[in-house]
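Beneath this line is the structure, given in structure tokens, with notes to follow.
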Amino acid sequence: MSNTVTATPDRVYRDYGQPLWRRLLVTRESAIIALLLLVIVVALLSVRNFDNPITITYLLLDVAPILLIALPMTLIIITGEIDLSVASVVGLSSVLLGTLHQAGLPIAVAGIIAIIAGALGGALNGFLVTVVGLPSLAVTIGTLALYRGLAVGLLGTTAVTDFNEFWTTLAKSKIPGTPIPSITIPFLILLAIFAVVLHFTPFGRGVFAIGLSSEAATFSGINVNRTKFILFVVAGAVSAFAGIYYTLRFGSARGDNATGLELQVIAAVLLGGVSIFGGRGALHGVVAGVLLIGVLGSALRLANVTSDVINIITGVLLVLSVVSTSFLVWLHKQRSKPRRTPRVDSGTPPA
Amino acid sequence: MSTLTAKPTPNVVLHGLGVFLRARETSILLALLLVIAVTTIKNPNFLFSSDGFRDLLLTPSILILVAVGQAIVIVTRSVDLSVGSTLGLTAYLTGRLFLDIPGIPIILVVLAGIVFGALLGVVNGALVAFAKVPALVITLGTLYAYRGLNVLWAGSDRINASDMPKNFLALGTTEYFSIPLLTIIALIVLIAAGWYMRNTRGGREFYAIGSEPAAAELYGLKVTKRILVAFVACGALTGLAGVLYAARYGTINSQAGSGLELDAVAAAVIGGVAIFGGSGTVWGAAIGAVLLLTINRALPILGVQDFWQRAVVGALIIGAIVLDRLLALRQTRKLLESRDDSNE
């Protein structure tokens, strides 16, 4: 085991002493959702053209890969691990789709092969983390370079662009009669599956238990390694699916597709209230976190603010969201224990 | 390191040799020498032409500085993902200073770069140390924020070599005894940092904190302060690297140094710095940096298209951490055996 999550002094446990409505409403997730609604309302009132249906179409088309990958990433981070290689899997599956299609395979077959390749990539991550016992941070920095390198190596600086029009229009199509792009349908199906698995099954409770204490989870009969392995494989497969969508949407398979996407995904997941220490988080918060970054971005672009400010806002929001939690916990401690308390908190959190 | 017995050593030289052979850094050094040897056999110009020799030393110099800073931070069980953005900001500041204040002394610009880098490090360090939030999250946030500031500041401007004085650009090309000045600077920093981390109280405290933060706190070490110092050191070294980047490449746009964070972390990990702190040396990180960039240049000569370079780097990182894991397991077994022996 990577024995990292030894001391997490400021973890927030759900306080069952509170009445139900408070437990449901006063949470990190609710705060992010409220912020999201606030941003939407302000944007609707003050940004011209934000209420145009095309805005929501492009907004969803843009954030779809992040939304998709955020689902398995949430579960992985809740177990206390991390996967930095997801964007490289996107690139790899994009290249595989392109080269296989060029070699004459139909897109559906090429896509299935790409998804299997993504799952295999995830399986390598999972193998190194669970069987060899390496820290996932180091492993996935390695596979980040490895998978990206394979993608770039296979295709060089060329791009495959001659995709069947049927598929490229399908990727950009909308649900008839609405401005919602059709990619939201597979996303919603996946969201439903992930939400049920995470929040309503023993497997999901196991995911939380592993994040809180890997050892305690083992002793309560959870197969820690199997759970983590499954999660890494699923992350690989979903990332590969996102890669197929990414390729078809832009009609171009390139080795450097979606470079840096992993950081955006992780930023959005953490913004959505998932604790980097593991053991805490919920999918509705994560979805709100992804949408918050997306809505801010598209509103600012419409308001003609340079797109670079979005970077600053993403970064500052991320820092604020974690620092504010620490600050609230500290404030709570100060208020509830005004008298002298033994100092037992233990220095720094793990990286 | 592995010499915990109090046996008198018969021969200092032999003892030193033994330590050297058993050190984790030696394996990576051997790998580096192997790469250089194989490539040189294939194409003697790789080492023996004056250009080849200079490139061998010059190319990794800037990454060495950043990797040393990164190693110090990682040893304390943190990580600094914002180094690429910090380097970009300080490089742009360097160019800006020469543009806006004509005739500004070079030494002042170098100092400004270092101080600015240190300030950016203070922001990271303060957030990590006082808010007790994992460095991974904080520096991921500042990675975006610093890069955003850079783009906001620079816009689509680009600073060209003609905007900077010749004396300054000469820093990037000067050589003494056919060793580039940048390499000399990197070596001096490396020796200083290596000495500090190995021999001083402050340096050892970094390792203590990285090994077990709770124990370090109970022991009475000022954990908060030390972590802050580690981030400031990393920021300052990255700031210096940013100034040298400007001198070496001459052109700086708002994307200078992006993606460098992964190279720096990779260099440290390849060089045997444990990602969860407490072990590893800045020497290892520096050799890791040289190995990374030398492989880059060696691949095309060895007939591998340089598109595959990142894949090789990835395989190298995974190989390095698997090796570390195996060594750690062997060490544990040995220690257990020696404990059982002494109990009998």
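We label chains A, B, ... in the order they appear in the structure tokens, count residues from 1 in each chain, and number ligands from 1 in the order shown.
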
Review point. Segment 301-314 of chain B: which residues within 6 Å, counting only C-alpha atoms, same-chain residues fewer than 4 positions away excluded, as a PyMOL selection string?
Key: (chain A and resi 142-143+145-146+149-150+152-153+156) or (chain B and resi 296)

List the spatial neighbours of Val79 of chain B as a PDB file with C-alpha atoms, in the first residue's frame - criterion: any atom at most 6 Å away, only C-alpha atoms, same-chain residues fewer than 3 positions off excluded.
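Writing done, so here's part09.pdb:
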ATOM      1  CA  ALA A 351       0.874  15.465  -1.514  1.00  0.00           C
TER       2      ALA A 351
ATOM      3  CA  VAL B  73       9.569  19.901  -2.273  1.00  0.00           C
ATOM      4  CA  ILE B  74       8.854  16.217  -2.935  1.00  0.00           C
ATOM      5  CA  ALA B 135       0.029  20.507  -2.300  1.00  0.00           C
ATOM      6  CA  LEU B 136      -1.275  18.612  -5.315  1.00  0.00           C
TER       7      LEU B 136
END

Practice item. Excluding Thr142 of chain B and any residue of its chain fewer than 3 positions from it, enumerate the residues within 9 Å of it, using only C-alpha atoms, and give them as a list in words. Key: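 Near neighbours after the sequence-gap exclusion: Ile312, Gly315, Val316, Leu318 and Val319 of chain A; Leu81, Ser82, Ser85, Leu120, Val123, Asn124, Val137, Ile138, Thr139, Ala145, Tyr146 and Arg147 of chain B.
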
Exercise for review: In Å, rounded to a single decimal, give me how far atom CA of Leu302 of chain A is from atom CA of Tyr58 of chain A.
Suggested key: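 Straight-line distance from atom CA of Tyr58 of chain A to atom CA of Leu302 of chain A works out to 11.8 Å.
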
**Study point:** Nearby residues (only C-alpha atoms) at most 6 Å from segment 117-133 of chain A, same-chain spacing under 3 positions excluded, as a list in words
**Key:** Met1, Ala114, Ser136, Asn225, Phe229, Phe232, Val233, Gly236, Ala237 and Ala240 of chain A

Using the selection just defined, write its residues with N, CA and C atoms as a compact mmCIF listing (two decimals), in the first residue's frame.
# COMPACT_ATOMS: atom_id res chain seq x y z
N MET A 1 0.84 -1.21 0.00
CA MET A 1 0.00 0.00 0.00
C MET A 1 0.87 1.26 0.00
N ALA A 114 -10.80 0.61 -29.80
CA ALA A 114 -10.22 1.72 -29.05
C ALA A 114 -10.64 1.65 -27.58
N SER A 136 -0.34 5.64 -6.96
CA SER A 136 -0.99 5.91 -8.24
C SER A 136 -0.51 7.22 -8.85
N ASN A 225 -8.09 -4.22 -3.37
CA ASN A 225 -7.37 -4.23 -4.64
C ASN A 225 -8.29 -4.46 -5.83
N PHE A 229 -8.77 -1.88 -8.87
CA PHE A 229 -8.45 -2.35 -10.21
C PHE A 229 -9.62 -2.09 -11.16
N PHE A 232 -9.86 1.59 -12.12
CA PHE A 232 -8.89 2.05 -13.11
C PHE A 232 -9.27 1.56 -14.51
N VAL A 233 -9.75 0.31 -14.60
CA VAL A 233 -10.15 -0.22 -15.91
C VAL A 233 -11.31 0.60 -16.46
N GLY A 236 -10.20 3.90 -17.76
CA GLY A 236 -9.58 3.78 -19.08
C GLY A 236 -10.62 3.65 -20.17
N ALA A 237 -11.64 2.81 -19.94
CA ALA A 237 -12.65 2.59 -20.97
C ALA A 237 -13.45 3.87 -21.23
N ALA A 240 -11.45 6.35 -23.12
CA ALA A 240 -11.36 5.98 -24.53
C ALA A 240 -12.64 6.37 -25.27

Check your understanding: With distances taken over only C-alpha atoms, which of B:Ile209, B:Ile252, B:Cys234, B:Val229 is nearest to chain A?
Key -> B:Ile209

Check your understanding: Which residue gives the smallest distance to Ala43 of chain A among A:Ile313, A:Val89, A:Val295, A:Leu270, with only C-alpha atoms counted?
Key -> A:Val295

**Study point:** alpha helix (DSSP H) positions in segment 158-344 of chain B, given as a PyMOL selection string
**Key:** chain B and resi 166-170+181-199+201-211+213-219+223-249+260-270+282-301+309-343
